[in-house]
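A short worksheet on the structure shown next.
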There are 4 protein chains.
Amino acid sequence: MAGNSIGSIFRLTTFGESHGIAIGGIIDGCPSGVSININDVQTELNRRKPGQSKITTQRKEGDFIELLSGVFEGETTGTPIGFLIRNSDAKSKDYDHLKEVFRPSHADKTYHDKYGVRDHRGGGRSSARETACRVVAGAIARQVLSSLGVKIWAYVSSVGEISVSKNYKELDSKTIDNSIVRCPDSSVADKMIDLIESVRTDGDSIGGVITCIVQNTPIGLGEPVFDKLHADLAKAMMGINAVKGFEYGSGFSSTTMRGSEHNDLLNVNRTMTNHAGGILGGISNGEDINMRIAFKPVATIMRSQDTLDDKGNKVVIKGKGRHDPCVVPRAVPIVEAMALLTILDHYLRNKSSRIQ
Amino acid sequence: MAGNSIGSIFRLTTFGESHGIAIGGIIDGCPSGVSININDVQTELNRRKPGQSKITTQRKEGDFIELLSGVFEGETTGTPIGFLIRNSDAKSKDYDHLKEVFRPSHADKTYHDKYGVRDHRGGGRSSARETACRVVAGAIARQVLSSLGVKIWAYVSSVGEISVSKNYKELDSKTIDNSIVRCPDSSVADKMIDLIESVRTDGDSIGGVITCIVQNTPIGLGEPVFDKLHADLAKAMMGINAVKGFEYGSGFSSTTMRGSEHNDLLNVNRTMTNHAGGILGGISNGEDINMRIAFKPVATIMRSQDTLDDKGNKVVIKGKGRHDPCVVPRAVPIVEAMALLTILDHYLRNKSSRIQ
Amino acid sequence: MAGNSIGSIFRLTTFGESHGIAIGGIIDGCPSGVSININDVQTELNRRKPGQSKITTQRKEGDFIELLSGVFEGETTGTPIGFLIRNSDAKSKDYDHLKEVFRPSHADKTYHDKYGVRDHRGGGRSSARETACRVVAGAIARQVLSSLGVKIWAYVSSVGEISVSKNYKELDSKTIDNSIVRCPDSSVADKMIDLIESVRTDGDSIGGVITCIVQNTPIGLGEPVFDKLHADLAKAMMGINAVKGFEYGSGFSSTTMRGSEHNDLLNVNRTMTNHAGGILGGISNGEDINMRIAFKPVATIMRSQDTLDDKGNKVVIKGKGRHDPCVVPRAVPIVEAMALLTILDHYLRNKSSRIQ
Amino acid sequence: MAGNSIGSIFRLTTFGESHGIAIGGIIDGCPSGVSININDVQTELNRRKPGQSKITTQRKEGDFIELLSGVFEGETTGTPIGFLIRNSDAKSKDYDHLKEVFRPSHADKTYHDKYGVRDHRGGGRSSARETACRVVAGAIARQVLSSLGVKIWAYVSSVGEISVSKNYKELDSKTIDNSIVRCPDSSVADKMIDLIESVRTDGDSIGGVITCIVQNTPIGLGEPVFDKLHADLAKAMMGINAVKGFEYGSGFSSTTMRGSEHNDLLNVNRTMTNHAGGILGGISNGEDINMRIAFKPVATIMRSQDTLDDKGNKVVIKGKGRHDPCVVPRAVPIVEAMALLTILDHYLRNKSSRIQ
């Protein structure tokens, strides 16, 4: 109800503020009997953590995952998995000047208006730091789904006006992390990095798009009518900080197409095209699910901006602290995590669709 | 869990197949003490019903709403509101040829694969007929929200390549229903109608976009971190048949913007721009919420198409029955309904955000 | 949230007031592929309906079940099952004298205080008439569970001071409906009937206990820690009108026992005793689940009583209308229904406990 | 779904095994603006902790509460409250002999059968150690409810055959903790302590009853029809380890009463009697809510018992480790916690019952 949980059966609840003692979460509903490799969870977490390259924030967090329960002798027991990530490098003093000021296009004022009180340090609960917990849960979901053959990967498909023109089928998912911008088309990746560095030099920020692919999805996932698989994927993705749009399959481009062009004709084992994006009537049909997620330029910039304080006075705020000029490279593991959580949850939900 | 409910407090559950006895639903969690005008509910339902103009399906349904409970002497009592719409013009024989055939880009095969059995008549549960129930619930939600000053409206902003270039602020919501295509820019509306008629003559279908506006939203609605207001709006909209994409505020266009350009500076009572689209950190800030929802061309076309039957044999299917060449005009009240349900639910959820 | 739903996967939502147009409900999450015999549902409903014998209310309701969706050609399709029972014999005028008066030990005043408005006719939503919908859903759940071998039955084990001394294993479930009081020990049954008739002659009412037995429960049902199987059974039973207490297995009598006496020693395939009542740590162990549910004497009596009107004035109310002097005979199918709903829901929930 | 959460708005999710690294939880939905005294939480936790007196287990746990989030400068912020209790005195070796053996009347075998794997140390997740997390959440709920004037207290009303005969109104809640058995009638308390010591000397255990009282409950709490206030209280209490029965108000004794005797006549501001137990039609009426909760004798005894190992072989098990001969003294704060959680959750739920 208060919005800090996602999933119906495989259900993640998170807690924690950016500059509090710790962030963490509970995964309830993880089936028993799954081998968990904690190192793989840590590796996934490292992909999201700050300070990993010259184009990300220089905030340094160890982001060390502590599993507290639910895994016994390397295997899930069916009981809830509690986990913790301590906040080690919380330079709260960097935020003292924000205690009574609302940063433009941040959640400062809406939290203030909704709750009356807020932890202003580093954005408190509204900080994207919270997404580390999703990456942990996603990494565990990945280990469950891998045993079922499902493969989920994402990459940066555009930064500003620079975008990948190749279809995802021409790209090699293994090369995504070869570039710090997480774009598997290396020539495009270089241009993206240049753009981000230029934007950073300007003290500015820039938006981008992440493409996410789900392969070998079991047929039959998704619950009509309100919990269509793509509706839950959309909600999961829109819940990531800075996301402004979602589309799957033919997406917005379908709106200018004709039915005769858009329909995916059925062949023996599969459809001949995949405008549907792997989902029909809200239910997976076994084809690849492909999605694009739009990220706005992050609001924190290293420039002076007009804003208000909590008394309603006009003030000028100057960017301080350590921030990402472009959020998409670090958002790749987060997007994957949200897809992993959603697909696994629907896999488990679908277990009840038939009596046998 | 099985996906036929939406909302946490104001919660709609629907039932019914396109060619069964009836469709209907239960609204649980409607607060007591709200005056309900049943005629206004019927009026809203009429906006969605088939056969209303030359550019929609000619299926005729009376779509007569029966309220069965929860309203006593014209006022809600806080108990669940049960309602029913009988299926009067169900020409089930039109669908006999589909019993063992899967129509391309329809949900026929995914339902078959998921459940093993299905009501094939008119798409059964996967038919957009189910959305009539959402319109009923939305109409009741509108009566609750109107008493709070909230105004929600939607219009067709594009059909194929023809789109409205004006900003929604230049349009008059009262004129939307003046055109059968539900576009308030009359010169654009005429072109849209021409296009739809041309597409229909071709036995084809075409996609489009609906824009939805929420005005006078109370500040503070939305539950971080997973149930952000826009995440729940996205899920609600993506749950409408034929929707392939969702964006709000600056949407996908934000991905090419810089932060210095995108940030909405705070002025005394509001922001000076509204790239945010009325929501920051998942919480409404009182500015207009604007969304765009992408609809694909409907799959049913009056042409021969290659497909499979349920034994896996290749067959050719020819379009029969009565269908819409373009779904967006009739989808306008559905989009409004989904926004109404989501906003009211979050209004009620927000009642618990503070102890006082 | 507003309390008109029960179950997580197999989920029933009900609507309707005692003297409105109809009562009904939606069952969401019924697995597909289950054969449904509608006559068996009607038979179950007839066991609950008023006017069935001289010891029940003489209100006559046809209580005719209409299934509106979710069953196609005799089989569940996995889509929601909507159903309806019209209120045919609603003598609303019998209740005109109660419009502004709060009956003692009824829900009249609490509904008034909670909602501000209420449908006063026959208790409105607070009437036990609503439980007919539970019996419908329970009858469908029974058909699912029967295919799994599960057997659930209940009987009246006491009325006032008259109680069955035999263990349930000495009783024959097939004989329960042989007596109008639904007690399978015929000599005790006769005494119960005499007592109820005597109480009715006095214009009074009397309480009683129903015992409920679940046999052949699959092992492993129940979700620790909060959704223990017996916790959900308790909630389901306590949600029946007039219930004041619940116990299972050794129940309240366990509080005077010693562990050495109470512990159920394990033998090869089962426990040697069953003080546990078929559930350990909240999880079914395959032994019989046995429960006892305490019903108070119904509040409506044919006597004058002091009470208040809605202005706070003292008034005297005299019993009118048609009521049951003892609720337990008609509550037997309701108790069974609540057990059926709970056990089936947990059966489906347990499908996700292991990955394989 | 997997059962480790309770509450709809004020929602507690717990994790942790008896002998793992830590136990803990997340409280989601705590309203903002509530002052939290962490010392009061610790004090409550100390009431439950082991080793507090000669009649409890001698296991020593610091049970030190760490609040990790959601409270900023002493006040709740509306964000989730994460908390942790480290397991400091986990003598896991005491349990090596139980790795392949199922203790009689414990959850060992049902966990094994349900999940296939289990953490056998100290009962793992099935240990009552998990209830410490409930006490933490209950202590926070108490601070919210205290600001609303609600008072909740519980006491041991019977141990074995020794029971308090006084009505709760004759007892002084402030004296409950004066005796180590938590019975406010001091002469009865002495007898209870003697009995427990005698049982312990026998290497045996004994059951008991806890009575719980809710005073100054706001009128209107409880959601008909399935989430009646007493139904949710019953579920909450039945979810405590070792509980076998629940009753409220007149409880099981009502079954032998007549309506004319049981009905609570309305006087000016309240009812003249309170057989209802403060709840009518599932909704609080402002009178005291009183409940009795039955605890069985704990299964762990210091005697040899026949049982099975996980290969199905008969073995003899001898009691080892440190256990409570009678669970009720330490269960008093747990019972209070479950009542606190339930009442606060329903208080928040009721905020949506009326539009104004």
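FYI, nothing fancy with the structure tokens labels: chains A, B, ... in order, residues from 1 per chain, ligands from 1 as they appear.
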Identify all chain A residues at most 6 Å from chain C by counting only C-alpha atoms; ligands do not count. Present them as a VMD selection string.
chain A and resid 31 to 32 348 352 to 355
Would you kindly return, as JSON, numbers by chain, each protein, DNA or RNA residue with an atom no farther than 10 Å from any atom of region 169-184 of chain A, considering only C-alpha atoms and excluding same-chain residues fewer than 6 positions away?
{"A": [47, 52, 53, 54, 55, 56, 152, 153, 154, 155, 156, 157, 158, 159, 163, 190, 191, 192, 193, 196, 210, 211, 213, 326, 327, 328, 329, 330, 331, 332, 333]}
Applying 6 Å and only C-alpha atoms, which residues near region 121-135 of chain B remain after dropping the ones on its own chain fewer than 5 positions away? List them as a VMD selection string.
chain B and resid 17 to 19 24 92 95 334 337
Can you tell me which residues surround Pro80 (chain A) at a distance of at most 6 Å, considering only C-alpha atoms, apart from same-chain residues fewer than 5 positions away, and format the answer as a list in words?
Ile27, Asp28 and Gly70 of chain A; Phe15 of chain D
List every residue of region 180-332 of chain B that DSSP, applied to the backbone of this structure, places in strand (DSSP E or B), and write the result as a PDB file with C-alpha atoms, in the first residue's frame.
```pdb
ATOM      1  CA  ILE B 206      -4.710   1.837 -38.434  1.00  0.00           C
ATOM      2  CA  GLY B 208      -3.189   6.091 -33.171  1.00  0.00           C
ATOM      3  CA  VAL B 209      -2.358   7.989 -29.995  1.00  0.00           C
ATOM      4  CA  ILE B 210      -4.586   9.229 -27.195  1.00  0.00           C
ATOM      5  CA  THR B 211      -3.511  12.095 -24.976  1.00  0.00           C
ATOM      6  CA  CYS B 212      -4.883  12.194 -21.434  1.00  0.00           C
ATOM      7  CA  ILE B 213      -4.858  15.191 -19.083  1.00  0.00           C
ATOM      8  CA  VAL B 214      -5.419  15.267 -15.316  1.00  0.00           C
ATOM      9  CA  GLN B 215      -6.060  18.713 -13.879  1.00  0.00           C
ATOM     10  CA  GLU B 223       3.553   6.063  -3.317  1.00  0.00           C
ATOM     11  CA  ASP B 227       3.857   2.556  -6.799  1.00  0.00           C
ATOM     12  CA  VAL B 243      -1.725  -0.412 -26.199  1.00  0.00           C
ATOM     13  CA  LYS B 244       1.994  -0.632 -27.033  1.00  0.00           C
ATOM     14  CA  GLY B 245       3.495   2.399 -25.321  1.00  0.00           C
ATOM     15  CA  PHE B 246       3.110   5.017 -22.604  1.00  0.00           C
ATOM     16  CA  GLU B 247       4.852   8.268 -21.821  1.00  0.00           C
ATOM     17  CA  TYR B 248       4.134  11.207 -19.573  1.00  0.00           C
ATOM     18  CA  ARG B 258      19.857  18.344 -21.375  1.00  0.00           C
ATOM     19  CA  LEU B 266      10.205  26.574  -9.125  1.00  0.00           C
ATOM     20  CA  THR B 271       6.820  25.327 -11.652  1.00  0.00           C
ATOM     21  CA  ILE B 279       4.765  14.203 -11.037  1.00  0.00           C
ATOM     22  CA  LEU B 280       8.140  14.359  -9.265  1.00  0.00           C
ATOM     23  CA  ILE B 283       4.332  12.092  -6.311  1.00  0.00           C
ATOM     24  CA  SER B 284       1.947  14.624  -7.839  1.00  0.00           C
ATOM     25  CA  ILE B 289      -0.468  15.423 -15.535  1.00  0.00           C
ATOM     26  CA  ASN B 290      -0.243  14.728 -19.249  1.00  0.00           C
ATOM     27  CA  MET B 291       0.202  11.319 -20.839  1.00  0.00           C
ATOM     28  CA  ARG B 292       0.277   9.839 -24.298  1.00  0.00           C
ATOM     29  CA  ILE B 293      -0.835   6.284 -24.955  1.00  0.00           C
ATOM     30  CA  ALA B 294       0.086   4.439 -28.175  1.00  0.00           C
ATOM     31  CA  PHE B 295      -2.445   2.095 -29.796  1.00  0.00           C
ATOM     32  CA  SER B 304      -7.083 -13.069 -45.988  1.00  0.00           C
ATOM     33  CA  GLN B 305      -4.145 -13.970 -43.753  1.00  0.00           C
ATOM     34  CA  ASP B 306      -2.014 -17.052 -43.241  1.00  0.00           C
ATOM     35  CA  THR B 307      -2.288 -18.621 -39.839  1.00  0.00           C
ATOM     36  CA  LEU B 308      -2.525 -21.916 -37.930  1.00  0.00           C
ATOM     37  CA  ASP B 309      -5.280 -24.022 -36.463  1.00  0.00           C
ATOM     38  CA  LYS B 314      -1.568 -23.897 -41.926  1.00  0.00           C
ATOM     39  CA  VAL B 315      -4.876 -22.316 -42.841  1.00  0.00           C
ATOM     40  CA  VAL B 316      -6.025 -19.088 -44.449  1.00  0.00           C
ATOM     41  CA  ILE B 317      -8.352 -16.926 -42.409  1.00  0.00           C
ATOM     42  CA  LYS B 318     -10.619 -14.301 -43.873  1.00  0.00           C
TER      43      LYS B 318
END
```
Using DSSP secondary structure from the backbone, list all alpha helix (DSSP H) positions within region 73-230 of chain A, as number ranges by chain.
A: 108-115, 131-146, 186-201, 229-230
For the atom pair CA of Ala189 (chain B) and CA of Asp324 (chain B), what is the interatomic distance in Å to one decimal place?
17.0 Å
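Straight-line separation from CA of Leu340 (chain B) to CA of Gly74 (chain B): 20.7 Å.
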